[in-house]
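Participant: Below is a structure I'd like to ask you about.
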Amino acid sequence: MALHKVLGTETEYGIVVRGDPAFNPAVASSLVVNSYPGERVKVQWSYEEESPGRDARGFGHDTYGLIDPEGAVVNSVLSNGARLYVDHAHPEYSGPETYDPREAALYDKAGEVVMHRASVAASGAAGRQVSLYKNNSDGKGNSYGAHENYLLSRETPFGEVIRYAMTFMVTRQIFTGAGKVGRENDRPDIDFQVTQRADFFEEEVGLETTLKRPIINTRDEPHGDPALYRRLHVIIGDANLSEYQNFLKLGSTALMLAALEDGAIPDSLDLADPVEACWQVSHDLNLGRPLELDGGGTATALEIQGRYLEWLSKYVEKELDDPVWDQLIAEWERTLSLLGSDPDRLADTLDWVAKRRLLEGYVARDGLKWNNSKLRALDLQYHDVDPEKSLYRRLASRGSMRRLFTDEEIAAAVSSPPMRTRAYFRGRCVSDFPGSLVAANWDSLVFDIGESHLKRIPMMEPLRGGAELVGDLLDSAEDAADLLRRLEG
Amino acid sequence: MSDRERGRAESNRHEDAEEQSPETVEIDTDLDALDDLLDEIDEVLEENAEEFVKNYVQKGGQ
């Protein structure tokens with residue numbers, strides 16, 4: 001049986017300081033992170049266990065990326081177990097480790113609230129409006145990531161992951177895209193395309209994330225016991241506003257990876273040229289473009305996804321009891337079926353379809369050409385984290401987009417951690433012992449309890465540290481010193 | 001009929017108003033909903049789209 005798919009998201013937000021086109025994005029991002037008024041602890045993010053330069057294919061250069069002065073300056077851990085920090089020139093919210101894709105989508109959504117609150121506070125501090133956008137492209141050739149993370153077994157050969165996940169990642173874009181006006185990175189001209197990110201993928205496999213982006217990223221940084229785990233770091237996704245779409249993206253991918261580990265994907269469906277197919281799928285608004293298969297013949301992205309759905313429906317039936325997977329399969333079936341028959345009806349769940357409907361409304365009503373700035377502005381504004389400005393939010397408020405969560409659920413996820421992963425322990429320590437927590441990482445916390453040495457608690461098991469295991473312990477600990485005594489005892 | 005086709009059909013719909021089938025009525029309602037939505041969005045739209053788009057530059061991302 002495959003390892004339980006613990007998963008989570010990390011999103012870099014676009015940032016603008018109004019009335020100051022020359023603003024320094026690193027400084028502005030620091031202001032956003034430092035201004036966040038919610039419950040959190042500013043910490044040293046300990047890099048000793050992090051090695052983003054280690055390659056899953058077995059060859060690594062350990063000094064790569066280890067020095068990150070900006071990251072060291074502004075880092076915080078939130079009471080929901082997330083990390084809020086500055087990554088390069090963007091504020092980033094890395095959601096907590098979650099137990100299932102519904103929860104992962106919920107905590108990703110909570111990140112939008114965190115960023116909105118941080119932007120309001122930063123605007124007050126700066127005396128200028130600081131606006132944040134949950135998107136992935138500035139339309140001028142610069143992209144920033146919305147990454148997903150999935151726990152894999154160390155026993156799964158990485159070559160198998162590359163082989164079986166490649167085609168899935170390329171073809172899932174038909175239901176993961178957030179939509180974008182125009183093209184970038186010298187791809188062919190187009191008015192509108194399915195995804196924000198596809199134009200930027202130039203390699204099949206690799207370690208990079210900021211240039212020559214690969215479809216399969218090989219960063220081998222498990223954030224857990226390296227003898228037992230891998231973490232698949234997926235960089236080929238769009239940041240989604242739609243709750244259902246995010247659930248579908250995370251759930252279908254987690255499911256595919258579980259089935260891959262169990263040998264339940266019978267055919268790798270190799271594409272002849274995955275890199276070319278990547279942007280071709282995104283540029284194919286009619287969803288009819290045949291992709292050449294490595295073994296001869298062709299198939300459309302939709303046909304290929306139909307194969308995965310068929311295999312994974314059987315896998316769920318045979319292997320998985322949790323009803324969240326039945327909900328996932330039902331949503332996936334609906335999505336693929338409507339993509340084949342009447343894609344416009346998916347304006348209630350897919351960002352790219354909803355956005356296109358809006359933009360086409362403007363094109364028709366105002367007689368706009370597709371290169372009109374107004375359409376690009378609408379595209380950006382769809383992703384504004386300010387609920388008053390966000391066009392996604394307008395659609396959702398009117399009932400035009402289906403919601404998977406209530407605002408109350410999202411508010412709870414802003415302040416409280418998931419119950420079934422080690423993020424629970426991390427989040428509770430932020431709430432209960434903020435004055436003693438001095439450093440953190442995904443797999444450890446470091447406390448200062450007034451002794452000569454700092455105390456480090458390793459958390460190498462992503463599924464250990466949930467409420468069932470440590471809830472009583474945390475409830476009864478008087479302070480951090482007491483907690484540590486009980487843990488050592 | 002897709003939303004795009006509805007958009008293109010918009011100019012014809014008033015001429016056809018006299019002899020609407022029930023199906024056409026439904027489509028008109030949906031079109032009105034889109035029109036309402038665009039009107040609502042007009043209120044919150046970035047005032048100077050050109051400048052807003054020009055100044056939206058994001059370097060240094062992953």
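Residues are named by chain letter and number: chains run A, B, ... in the order of the structure tokens, numbers start at 1 in each chain, and ligands are numbered from 1 in the order shown.
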Residues of chain B were defined as contacting chain A if any atom lay at most 6 Å from it, counting only C-alpha atoms; please report them as a VMD selection string.

Facilitator: chain B and resid 7 49 to 50 53 55 57 to 62

Participant: Restricted to N, CA and C atoms, what would the selected residues look like written as a PDB file, in the first residue's frame?

Facilitator:
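Generated output (again03.pdb):
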```pdb
ATOM      1  N   GLY B   7     -22.585  35.841 -26.575  1.00  0.00           N
ATOM      2  CA  GLY B   7     -22.051  37.192 -26.708  1.00  0.00           C
ATOM      3  C   GLY B   7     -22.224  37.709 -28.127  1.00  0.00           C
ATOM      4  N   ALA B  49      -6.033  51.449 -16.453  1.00  0.00           N
ATOM      5  CA  ALA B  49      -5.607  50.088 -16.780  1.00  0.00           C
ATOM      6  C   ALA B  49      -4.210  50.074 -17.388  1.00  0.00           C
ATOM      7  N   GLU B  50      -3.953  51.025 -18.275  1.00  0.00           N
ATOM      8  CA  GLU B  50      -2.676  51.021 -18.982  1.00  0.00           C
ATOM      9  C   GLU B  50      -1.498  51.175 -18.017  1.00  0.00           C
ATOM     10  N   VAL B  53      -1.124  48.101 -15.667  1.00  0.00           N
ATOM     11  CA  VAL B  53      -0.486  46.974 -16.359  1.00  0.00           C
ATOM     12  C   VAL B  53       0.996  47.256 -16.580  1.00  0.00           C
ATOM     13  N   ASN B  55       2.995  49.079 -14.815  1.00  0.00           N
ATOM     14  CA  ASN B  55       3.766  49.038 -13.569  1.00  0.00           C
ATOM     15  C   ASN B  55       3.781  47.671 -12.901  1.00  0.00           C
ATOM     16  N   VAL B  57       5.280  44.665 -12.645  1.00  0.00           N
ATOM     17  CA  VAL B  57       6.502  43.951 -13.048  1.00  0.00           C
ATOM     18  C   VAL B  57       6.953  43.112 -11.856  1.00  0.00           C
ATOM     19  N   GLN B  58       7.200  41.837 -12.078  1.00  0.00           N
ATOM     20  CA  GLN B  58       7.535  40.927 -10.972  1.00  0.00           C
ATOM     21  C   GLN B  58       8.788  40.152 -11.309  1.00  0.00           C
ATOM     22  N   LYS B  59       9.908  40.622 -10.799  1.00  0.00           N
ATOM     23  CA  LYS B  59      11.141  39.882 -11.062  1.00  0.00           C
ATOM     24  C   LYS B  59      11.499  38.983  -9.889  1.00  0.00           C
ATOM     25  N   GLY B  60      12.427  38.059 -10.134  1.00  0.00           N
ATOM     26  CA  GLY B  60      12.982  37.257  -9.043  1.00  0.00           C
ATOM     27  C   GLY B  60      12.069  36.191  -8.490  1.00  0.00           C
ATOM     28  N   GLY B  61      11.232  35.610  -9.340  1.00  0.00           N
ATOM     29  CA  GLY B  61      10.342  34.553  -8.850  1.00  0.00           C
ATOM     30  C   GLY B  61      10.838  33.174  -9.248  1.00  0.00           C
ATOM     31  N   GLN B  62      10.254  32.161  -8.598  1.00  0.00           N
ATOM     32  CA  GLN B  62      10.651  30.786  -8.924  1.00  0.00           C
ATOM     33  C   GLN B  62       9.836  30.247 -10.094  1.00  0.00           C
TER      34      GLN B  62
END
```

Participant: Report as a PyMOL selection string all protein, DNA and RNA residues lying within 12 Å of Ile410 of chain A, evaluated on only C-alpha atoms, omitting residues in the same chain fewer than 4 positions from it.

Facilitator: chain A and resi 80+102-114+243+403-406+414-418

Participant: So, counting only C-alpha atoms, which residue among A:Gly340, A:Gly127, A:Gly159, A:Gly466 is closest to Asn286 of chain A?

Facilitator: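 Closest candidate: A:Gly340.
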
Participant: DSSP says strand (DSSP E or B) for which residues of segment 353-474 of chain A? Put them as a ChimeraX atom specification?

Facilitator: /A:384,437-441,444-447,455-458
